[in-house]
file my_file17.cif (mmCIF, N, CA and C atoms, pLDDT in the B column; chains and numbers go by the auth columns)
data_data
loop_
_atom_site.group_PDB
_atom_site.id
_atom_site.type_symbol
_atom_site.label_atom_id
_atom_site.label_comp_id
_atom_site.label_asym_id
_atom_site.label_seq_id
_atom_site.Cartn_x
_atom_site.Cartn_y
_atom_site.Cartn_z
_atom_site.B_iso_or_equiv
_atom_site.auth_seq_id
_atom_site.auth_asym_id
ATOM 1 N N MET A 1 0.836 -1.173 0.000 63.00 189 A
ATOM 2 C CA MET A 1 0.000 0.000 0.000 63.00 189 A
ATOM 3 C C MET A 1 0.884 1.240 0.000 63.00 189 A
ATOM 4 N N THR A 2 0.535 2.238 -0.792 69.00 190 A
ATOM 5 C CA THR A 2 1.300 3.473 -0.871 69.00 190 A
ATOM 6 C C THR A 2 0.597 4.553 -0.068 69.00 190 A
ATOM 7 N N VAL A 3 1.395 5.265 0.736 71.00 191 A
ATOM 8 C CA VAL A 3 0.886 6.367 1.539 71.00 191 A
ATOM 9 C C VAL A 3 1.571 7.636 1.071 71.00 191 A
ATOM 10 N N THR A 4 0.808 8.704 0.845 73.00 192 A
ATOM 11 C CA THR A 4 1.368 9.990 0.448 73.00 192 A
ATOM 12 C C THR A 4 1.377 10.905 1.661 73.00 192 A
ATOM 13 N N VAL A 5 2.531 11.536 1.924 70.00 193 A
ATOM 14 C CA VAL A 5 2.699 12.383 3.098 70.00 193 A
ATOM 15 C C VAL A 5 3.288 13.712 2.666 70.00 193 A
ATOM 16 N N ASN A 6 2.738 14.814 3.181 71.00 194 A
ATOM 17 C CA ASN A 6 3.301 16.140 2.934 71.00 194 A
ATOM 18 C C ASN A 6 4.606 16.261 3.715 71.00 194 A
ATOM 19 N N ILE A 7 5.621 16.838 3.118 68.00 195 A
ATOM 20 C CA ILE A 7 6.928 16.920 3.752 68.00 195 A
ATOM 21 C C ILE A 7 6.881 17.697 5.069 68.00 195 A
ATOM 22 N N ASP A 8 5.976 18.651 5.183 74.00 196 A
ATOM 23 C CA ASP A 8 5.859 19.428 6.424 74.00 196 A
ATOM 24 C C ASP A 8 5.257 18.608 7.557 74.00 196 A
ATOM 25 N N ASP A 9 4.494 17.585 7.224 76.00 197 A
ATOM 26 C CA ASP A 9 3.837 16.756 8.226 76.00 197 A
ATOM 27 C C ASP A 9 4.624 15.477 8.523 76.00 197 A
ATOM 28 N N ALA A 10 5.758 15.301 7.869 72.00 198 A
ATOM 29 C CA ALA A 10 6.495 14.044 7.954 72.00 198 A
ATOM 30 C C ALA A 10 7.336 13.969 9.223 72.00 198 A
ATOM 31 N N SER A 11 7.235 12.848 9.897 82.00 199 A
ATOM 32 C CA SER A 11 8.096 12.524 11.028 82.00 199 A
ATOM 33 C C SER A 11 8.889 11.291 10.609 82.00 199 A
ATOM 34 N N LEU A 12 10.191 11.414 10.559 84.00 200 A
ATOM 35 C CA LEU A 12 11.022 10.317 10.066 84.00 200 A
ATOM 36 C C LEU A 12 10.771 9.044 10.858 84.00 200 A
ATOM 37 N N HIS A 13 10.647 9.166 12.156 86.00 201 A
ATOM 38 C CA HIS A 13 10.412 7.987 12.994 86.00 201 A
ATOM 39 C C HIS A 13 9.122 7.276 12.589 86.00 201 A
ATOM 40 N N GLU A 14 8.059 8.024 12.408 87.00 202 A
ATOM 41 C CA GLU A 14 6.773 7.435 12.016 87.00 202 A
ATOM 42 C C GLU A 14 6.828 6.854 10.604 87.00 202 A
ATOM 43 N N LEU A 15 7.505 7.577 9.704 86.00 203 A
ATOM 44 C CA LEU A 15 7.610 7.087 8.327 86.00 203 A
ATOM 45 C C LEU A 15 8.379 5.775 8.266 86.00 203 A
ATOM 46 N N LEU A 16 9.486 5.695 8.999 86.00 204 A
ATOM 47 C CA LEU A 16 10.264 4.458 8.995 86.00 204 A
ATOM 48 C C LEU A 16 9.476 3.299 9.588 86.00 204 A
ATOM 49 N N ALA A 17 8.666 3.561 10.583 88.00 205 A
ATOM 50 C CA ALA A 17 7.830 2.510 11.163 88.00 205 A
ATOM 51 C C ALA A 17 6.855 1.977 10.120 88.00 205 A
ATOM 52 N N LYS A 18 6.276 2.876 9.322 87.00 206 A
ATOM 53 C CA LYS A 18 5.355 2.445 8.270 87.00 206 A
ATOM 54 C C LYS A 18 6.081 1.637 7.196 87.00 206 A
ATOM 55 N N VAL A 19 7.281 2.082 6.837 86.00 207 A
ATOM 56 C CA VAL A 19 8.062 1.365 5.824 86.00 207 A
ATOM 57 C C VAL A 19 8.435 -0.020 6.335 86.00 207 A
ATOM 58 N N GLU A 20 8.843 -0.095 7.591 87.00 208 A
ATOM 59 C CA GLU A 20 9.180 -1.400 8.167 87.00 208 A
ATOM 60 C C GLU A 20 7.970 -2.328 8.204 87.00 208 A
ATOM 61 N N ALA A 21 6.776 -1.751 8.282 88.00 209 A
ATOM 62 C CA ALA A 21 5.547 -2.547 8.282 88.00 209 A
ATOM 63 C C ALA A 21 5.155 -2.972 6.863 88.00 209 A
ATOM 64 N N GLY A 22 5.935 -2.535 5.863 85.00 210 A
ATOM 65 C CA GLY A 22 5.689 -2.966 4.491 85.00 210 A
ATOM 66 C C GLY A 22 5.035 -1.936 3.598 85.00 210 A
ATOM 67 N N GLU A 23 4.775 -0.742 4.112 89.00 211 A
ATOM 68 C CA GLU A 23 4.136 0.289 3.296 89.00 211 A
ATOM 69 C C GLU A 23 5.174 1.071 2.498 89.00 211 A
ATOM 70 N N GLU A 24 4.747 1.601 1.366 90.00 212 A
ATOM 71 C CA GLU A 24 5.570 2.495 0.563 90.00 212 A
ATOM 72 C C GLU A 24 5.093 3.913 0.839 90.00 212 A
ATOM 73 N N ILE A 25 6.036 4.821 1.041 87.00 213 A
ATOM 74 C CA ILE A 25 5.716 6.207 1.376 87.00 213 A
ATOM 75 C C ILE A 25 6.174 7.111 0.239 87.00 213 A
ATOM 76 N N VAL A 26 5.294 8.006 -0.210 89.00 214 A
ATOM 77 C CA VAL A 26 5.663 9.038 -1.178 89.00 214 A
ATOM 78 C C VAL A 26 5.594 10.368 -0.433 89.00 214 A
ATOM 79 N N ILE A 27 6.719 11.070 -0.412 86.00 215 A
ATOM 80 C CA ILE A 27 6.782 12.363 0.262 86.00 215 A
ATOM 81 C C ILE A 27 6.592 13.451 -0.781 86.00 215 A
ATOM 82 N N VAL A 28 5.661 14.370 -0.501 87.00 216 A
ATOM 83 C CA VAL A 28 5.354 15.433 -1.457 87.00 216 A
ATOM 84 C C VAL A 28 5.633 16.798 -0.836 87.00 216 A
ATOM 85 N N ARG A 29 6.000 17.735 -1.693 86.00 217 A
ATOM 86 C CA ARG A 29 6.171 19.129 -1.295 86.00 217 A
ATOM 87 C C ARG A 29 5.292 19.953 -2.225 86.00 217 A
ATOM 88 N N ASP A 30 4.367 20.685 -1.649 86.00 218 A
ATOM 89 C CA ASP A 30 3.425 21.497 -2.423 86.00 218 A
ATOM 90 C C ASP A 30 2.690 20.660 -3.474 86.00 218 A
ATOM 91 N N GLY A 31 2.347 19.426 -3.109 86.00 219 A
ATOM 92 C CA GLY A 31 1.598 18.564 -4.010 86.00 219 A
ATOM 93 C C GLY A 31 2.426 17.847 -5.061 86.00 219 A
ATOM 94 N N VAL A 32 3.744 18.075 -5.046 89.00 220 A
ATOM 95 C CA VAL A 32 4.632 17.458 -6.046 89.00 220 A
ATOM 96 C C VAL A 32 5.478 16.378 -5.362 89.00 220 A
ATOM 97 N N PRO A 33 5.434 15.128 -5.840 88.00 221 A
ATOM 98 C CA PRO A 33 6.257 14.075 -5.243 88.00 221 A
ATOM 99 C C PRO A 33 7.750 14.405 -5.353 88.00 221 A
ATOM 100 N N VAL A 34 8.460 14.260 -4.213 87.00 222 A
ATOM 101 C CA VAL A 34 9.894 14.549 -4.211 87.00 222 A
ATOM 102 C C VAL A 34 10.730 13.350 -3.786 87.00 222 A
ATOM 103 N N ALA A 35 10.108 12.375 -3.112 86.00 223 A
ATOM 104 C CA ALA A 35 10.878 11.210 -2.659 86.00 223 A
ATOM 105 C C ALA A 35 9.931 10.035 -2.448 86.00 223 A
ATOM 106 N N ARG A 36 10.541 8.845 -2.477 89.00 224 A
ATOM 107 C CA ARG A 36 9.787 7.623 -2.219 89.00 224 A
ATOM 108 C C ARG A 36 10.579 6.771 -1.253 89.00 224 A
ATOM 109 N N MET A 37 9.912 6.255 -0.240 88.00 225 A
ATOM 110 C CA MET A 37 10.529 5.336 0.719 88.00 225 A
ATOM 111 C C MET A 37 9.817 3.995 0.583 88.00 225 A
ATOM 112 N N ALA A 38 10.596 2.921 0.469 86.00 226 A
ATOM 113 C CA ALA A 38 10.002 1.600 0.319 86.00 226 A
ATOM 114 C C ALA A 38 10.872 0.586 1.049 86.00 226 A
ATOM 115 N N PRO A 39 10.260 -0.497 1.513 84.00 227 A
ATOM 116 C CA PRO A 39 11.056 -1.535 2.175 84.00 227 A
ATOM 117 C C PRO A 39 12.067 -2.132 1.200 84.00 227 A
ATOM 118 N N VAL A 40 13.299 -2.219 1.618 79.00 228 A
ATOM 119 C CA VAL A 40 14.358 -2.728 0.748 79.00 228 A
ATOM 120 C C VAL A 40 14.228 -4.232 0.570 79.00 228 A
ATOM 121 N N VAL A 41 14.078 -4.953 1.633 71.00 229 A
ATOM 122 C CA VAL A 41 14.061 -6.410 1.561 71.00 229 A
ATOM 123 C C VAL A 41 12.896 -6.891 0.709 71.00 229 A
ATOM 124 N N ALA A 42 11.724 -6.330 0.901 61.00 230 A
ATOM 125 C CA ALA A 42 10.555 -6.779 0.146 61.00 230 A
ATOM 126 C C ALA A 42 10.750 -6.558 -1.345 61.00 230 A
ATOM 127 N N SER A 43 11.269 -5.392 -1.739 64.00 231 A
ATOM 128 C CA SER A 43 11.429 -5.118 -3.159 64.00 231 A
ATOM 129 C C SER A 43 12.544 -5.970 -3.770 64.00 231 A
ATOM 130 N N VAL A 44 13.612 -6.209 -3.032 70.00 232 A
ATOM 131 C CA VAL A 44 14.714 -7.030 -3.546 70.00 232 A
ATOM 132 C C VAL A 44 14.262 -8.467 -3.729 70.00 232 A
ATOM 133 N N VAL A 45 13.535 -8.998 -2.769 72.00 233 A
ATOM 134 C CA VAL A 45 13.045 -10.374 -2.868 72.00 233 A
ATOM 135 C C VAL A 45 12.063 -10.496 -4.025 72.00 233 A
ATOM 136 N N ALA A 46 11.147 -9.526 -4.157 76.00 234 A
ATOM 137 C CA ALA A 46 10.168 -9.568 -5.241 76.00 234 A
ATOM 138 C C ALA A 46 10.862 -9.494 -6.601 76.00 234 A
ATOM 139 N N ASP A 47 11.852 -8.616 -6.734 83.00 235 A
ATOM 140 C CA ASP A 47 12.581 -8.492 -7.996 83.00 235 A
ATOM 141 C C ASP A 47 13.321 -9.787 -8.329 83.00 235 A
ATOM 142 N N ALA A 48 13.945 -10.384 -7.341 85.00 236 A
ATOM 143 C CA ALA A 48 14.685 -11.626 -7.573 85.00 236 A
ATOM 144 C C ALA A 48 13.724 -12.739 -7.997 85.00 236 A
ATOM 145 N N GLU A 49 12.563 -12.792 -7.375 85.00 237 A
ATOM 146 C CA GLU A 49 11.576 -13.813 -7.724 85.00 237 A
ATOM 147 C C GLU A 49 11.052 -13.607 -9.146 85.00 237 A
ATOM 148 N N LYS A 50 10.814 -12.345 -9.528 88.00 238 A
ATOM 149 C CA LYS A 50 10.347 -12.046 -10.886 88.00 238 A
ATOM 150 C C LYS A 50 11.403 -12.441 -11.913 88.00 238 A
ATOM 151 N N ARG A 51 12.665 -12.147 -11.624 90.00 239 A
ATOM 152 C CA ARG A 51 13.742 -12.526 -12.547 90.00 239 A
ATOM 153 C C ARG A 51 13.812 -14.043 -12.705 90.00 239 A
ATOM 154 N N LYS A 52 13.707 -14.744 -11.577 92.00 240 A
ATOM 155 C CA LYS A 52 13.772 -16.204 -11.615 92.00 240 A
ATOM 156 C C LYS A 52 12.626 -16.772 -12.454 92.00 240 A
ATOM 157 N N GLU A 53 11.419 -16.247 -12.264 93.00 241 A
ATOM 158 C CA GLU A 53 10.271 -16.707 -13.036 93.00 241 A
ATOM 159 C C GLU A 53 10.452 -16.419 -14.525 93.00 241 A
ATOM 160 N N ALA A 54 11.000 -15.251 -14.857 94.00 242 A
ATOM 161 C CA ALA A 54 11.216 -14.902 -16.264 94.00 242 A
ATOM 162 C C ALA A 54 12.240 -15.832 -16.907 94.00 242 A
ATOM 163 N N ILE A 55 13.297 -16.122 -16.198 95.00 243 A
ATOM 164 C CA ILE A 55 14.331 -17.019 -16.721 95.00 243 A
ATOM 165 C C ILE A 55 13.756 -18.416 -16.938 95.00 243 A
ATOM 166 N N GLU A 56 12.983 -18.896 -15.960 96.00 244 A
ATOM 167 C CA GLU A 56 12.373 -20.221 -16.105 96.00 244 A
ATOM 168 C C GLU A 56 11.410 -20.265 -17.292 96.00 244 A
ATOM 169 N N ALA A 57 10.662 -19.188 -17.510 96.00 245 A
ATOM 170 C CA ALA A 57 9.740 -19.138 -18.647 96.00 245 A
ATOM 171 C C ALA A 57 10.498 -19.158 -19.966 96.00 245 A
ATOM 172 N N ILE A 58 11.604 -18.447 -20.037 95.00 246 A
ATOM 173 C CA ILE A 58 12.415 -18.431 -21.264 95.00 246 A
ATOM 174 C C ILE A 58 12.998 -19.813 -21.530 95.00 246 A
ATOM 175 N N ILE A 59 13.499 -20.448 -20.494 95.00 247 A
ATOM 176 C CA ILE A 59 14.075 -21.791 -20.656 95.00 247 A
ATOM 177 C C ILE A 59 13.009 -22.778 -21.115 95.00 247 A
ATOM 178 N N ALA A 60 11.821 -22.712 -20.513 96.00 248 A
ATOM 179 C CA ALA A 60 10.725 -23.614 -20.909 96.00 248 A
ATOM 180 C C ALA A 60 10.314 -23.364 -22.362 96.00 248 A
ATOM 181 N N PHE A 61 10.222 -22.092 -22.753 95.00 249 A
ATOM 182 C CA PHE A 61 9.875 -21.757 -24.131 95.00 249 A
ATOM 183 C C PHE A 61 10.937 -22.274 -25.089 95.00 249 A
ATOM 184 N N ARG A 62 12.188 -22.097 -24.748 92.00 250 A
ATOM 185 C CA ARG A 62 13.296 -22.512 -25.613 92.00 250 A
ATOM 186 C C ARG A 62 13.266 -24.016 -25.862 92.00 250 A
ATOM 187 N N LYS A 63 12.838 -24.776 -24.855 93.00 251 A
ATOM 188 C CA LYS A 63 12.769 -26.230 -25.002 93.00 251 A
ATOM 189 C C LYS A 63 11.703 -26.658 -26.015 93.00 251 A
ATOM 190 N N THR A 64 10.723 -25.799 -26.276 94.00 252 A
ATOM 191 C CA THR A 64 9.666 -26.131 -27.240 94.00 252 A
ATOM 192 C C THR A 64 10.073 -25.801 -28.666 94.00 252 A
ATOM 193 N N MET A 65 11.151 -25.073 -28.838 92.00 253 A
ATOM 194 C CA MET A 65 11.581 -24.633 -30.160 92.00 253 A
ATOM 195 C C MET A 65 12.522 -25.667 -30.782 92.00 253 A
ATOM 196 N N PRO A 66 12.468 -25.813 -32.106 90.00 254 A
ATOM 197 C CA PRO A 66 13.383 -26.760 -32.767 90.00 254 A
ATOM 198 C C PRO A 66 14.815 -26.225 -32.730 90.00 254 A
ATOM 199 N N ASP A 67 15.759 -27.143 -32.843 90.00 255 A
ATOM 200 C CA ASP A 67 17.164 -26.739 -32.905 90.00 255 A
ATOM 201 C C ASP A 67 17.414 -25.960 -34.189 90.00 255 A
ATOM 202 N N ILE A 68 18.286 -24.983 -34.109 91.00 256 A
ATOM 203 C CA ILE A 68 18.609 -24.137 -35.255 91.00 256 A
ATOM 204 C C ILE A 68 20.082 -24.328 -35.599 91.00 256 A
ATOM 205 N N THR A 69 20.366 -24.498 -36.871 93.00 257 A
ATOM 206 C CA THR A 69 21.751 -24.687 -37.293 93.00 257 A
ATOM 207 C C THR A 69 22.380 -23.332 -37.622 93.00 257 A
ATOM 208 N N GLN A 70 23.686 -23.318 -37.662 95.00 258 A
ATOM 209 C CA GLN A 70 24.419 -22.106 -38.027 95.00 258 A
ATOM 210 C C GLN A 70 24.102 -21.692 -39.468 95.00 258 A
ATOM 211 N N GLU A 71 23.880 -22.682 -40.323 94.00 259 A
ATOM 212 C CA GLU A 71 23.554 -22.391 -41.712 94.00 259 A
ATOM 213 C C GLU A 71 22.220 -21.645 -41.817 94.00 259 A
ATOM 214 N N GLU A 72 21.231 -22.051 -41.001 94.00 260 A
ATOM 215 C CA GLU A 72 19.938 -21.373 -41.018 94.00 260 A
ATOM 216 C C GLU A 72 20.071 -19.911 -40.571 94.00 260 A
ATOM 217 N N ILE A 73 20.862 -19.708 -39.550 93.00 261 A
ATOM 218 C CA ILE A 73 21.073 -18.339 -39.062 93.00 261 A
ATOM 219 C C ILE A 73 21.745 -17.491 -40.130 93.00 261 A
ATOM 220 N N THR A 74 22.760 -18.053 -40.793 94.00 262 A
ATOM 221 C CA THR A 74 23.456 -17.342 -41.859 94.00 262 A
ATOM 222 C C THR A 74 22.494 -16.996 -42.992 94.00 262 A
ATOM 223 N N GLU A 75 21.622 -17.938 -43.359 94.00 263 A
ATOM 224 C CA GLU A 75 20.646 -17.705 -44.420 94.00 263 A
ATOM 225 C C GLU A 75 19.673 -16.591 -44.022 94.00 263 A
ATOM 226 N N TRP A 76 19.190 -16.608 -42.788 93.00 264 A
ATOM 227 C CA TRP A 76 18.253 -15.578 -42.326 93.00 264 A
ATOM 228 C C TRP A 76 18.907 -14.197 -42.341 93.00 264 A
ATOM 229 N N LYS A 77 20.178 -14.149 -41.963 94.00 265 A
ATOM 230 C CA LYS A 77 20.890 -12.870 -42.007 94.00 265 A
ATOM 231 C C LYS A 77 20.985 -12.349 -43.427 94.00 265 A
ATOM 232 N N ALA A 78 21.278 -13.263 -44.349 93.00 266 A
ATOM 233 C CA ALA A 78 21.392 -12.865 -45.763 93.00 266 A
ATOM 234 C C ALA A 78 20.050 -12.390 -46.298 93.00 266 A
ATOM 235 N N ILE A 79 18.972 -13.052 -45.929 92.00 267 A
ATOM 236 C CA ILE A 79 17.631 -12.628 -46.362 92.00 267 A
ATOM 237 C C ILE A 79 17.312 -11.235 -45.792 92.00 267 A
ATOM 238 N N GLY A 80 17.670 -11.015 -44.560 90.00 268 A
ATOM 239 C CA GLY A 80 17.390 -9.743 -43.933 90.00 268 A
ATOM 240 C C GLY A 80 18.188 -8.579 -44.517 90.00 268 A
ATOM 241 N N ARG A 81 19.294 -8.879 -45.155 87.00 269 A
ATOM 242 C CA ARG A 81 20.141 -7.821 -45.732 87.00 269 A
ATOM 243 C C ARG A 81 19.744 -7.496 -47.168 87.00 269 A
ATOM 244 N N ARG A 82 18.801 -8.209 -47.728 79.00 270 A
ATOM 245 C CA ARG A 82 18.415 -7.967 -49.120 79.00 270 A
ATOM 246 C C ARG A 82 17.614 -6.699 -49.246 79.00 270 A
#
call {"tool": "encode", "arguments": {"input": "my_file17.cif", "output": "structure tokens"}}
result
Amino acid sequence: MTVTVNIDDASLHELLAKVEAGEEIVIVRDGVPVARMAPVVASVVADAEKRKEAIEAIIAFRKTMPDITQEEITEWKAIGRR
């Protein structure tokens, strides 16, 4: 969940407590976002999991594709240069 806080109303102690609880904080000045605070561990773990899933999907897809020879690649390059 994202919480928007005016910079004049921000208490670092309270903001860090919210971030530690898993919330994302957007700090605004005069209605314009100037900073974002987010839990580091949660975002790093989520990013790593997304990368792992993407790699597994690519590997699974690649296994469904036929083998390609160097000659085929060379031919496709030549066709593309015409």
call {"tool": "atom_distance", "arguments": {"input": "my_file17.cif", "atom1": "atom C of Met253 (chain A)", "atom2": "CA of Arg269 (chain A)"}}
result
24.5 Å
call {"tool": "atom_distance", "arguments": {"input": "my_file17.cif", "atom1": "atom C of Asp218 (chain A)", "atom2": "atom N of Glu202 (chain A)"}}
result
21.0 Å
call {"tool": "atom_distance", "arguments": {"input": "my_file17.cif", "atom1": "CA of Thr257 (chain A)", "atom2": "CA of Ala242 (chain A)"}}
result
25.5 Å
call {"tool": "closest_residue", "arguments": {"input": "my_file17.cif", "among": "A:Val191, A:Ile261, A:Arg250, A:Lys240", "to": "Arg224 (chain A)", "atoms": "only C-alpha atoms"}}
result
A:Val191
call {"tool": "select_by_dssp", "arguments": {"input": "my_file17.cif", "residues": "chain A", "states": "strand (DSSP E or B)", "output": "PyMOL selection string"}}
result
chain A and resi 190-194+212-217+220-225
call {"tool": "resolve_selection", "arguments": {"input": "my_file17.cif", "expression": "the PyMOL selection byres ((chain A and resi 214) around 7)", "output": "PyMOL selection string"}}
result
chain A and resi 190-194+212-213+215-216+221-225
call {"tool": "select_by_dssp", "arguments": {"input": "my_file17.cif", "residues": "chain A", "states": "alpha helix (DSSP H)", "output": "PyMOL selection string"}}
result
chain A and resi 200-208+228-252+258-268
call {"tool": "axis_aligned_box", "arguments": {"input": "my_file17.cif", "around": "region 235-247 of chain A", "padding_each_side": "4 Å", "output": "AutoDock Vina command-line options"}}
result
--center_x 12.2 --center_y -15.6 --center_z -14.1 --size_x 12.9 --size_y 22.3 --size_z 22.8
call {"tool": "decode", "arguments": {"input": "my_file17.cif", "residues": "region 211-223 of chain A", "atoms": "C-alpha atoms", "output": "mmCIF file, in the first residue's frame"}}
result
data_model
loop_
_atom_site.group_PDB
_atom_site.id
_atom_site.type_symbol
_atom_site.label_atom_id
_atom_site.label_comp_id
_atom_site.auth_asym_id
_atom_site.auth_seq_id
_atom_site.Cartn_x
_atom_site.Cartn_y
_atom_site.Cartn_z
ATOM 1 C CA GLU A 211 4.136 0.289 3.296
ATOM 2 C CA GLU A 212 5.570 2.495 0.563
ATOM 3 C CA ILE A 213 5.716 6.207 1.376
ATOM 4 C CA VAL A 214 5.663 9.038 -1.178
ATOM 5 C CA ILE A 215 6.782 12.363 0.262
ATOM 6 C CA VAL A 216 5.354 15.433 -1.457
ATOM 7 C CA ARG A 217 6.171 19.129 -1.295
ATOM 8 C CA ASP A 218 3.425 21.497 -2.423
ATOM 9 C CA GLY A 219 1.598 18.564 -4.010
ATOM 10 C CA VAL A 220 4.632 17.458 -6.046
ATOM 11 C CA PRO A 221 6.257 14.075 -5.243
ATOM 12 C CA VAL A 222 9.894 14.549 -4.211
ATOM 13 C CA ALA A 223 10.878 11.210 -2.659
#
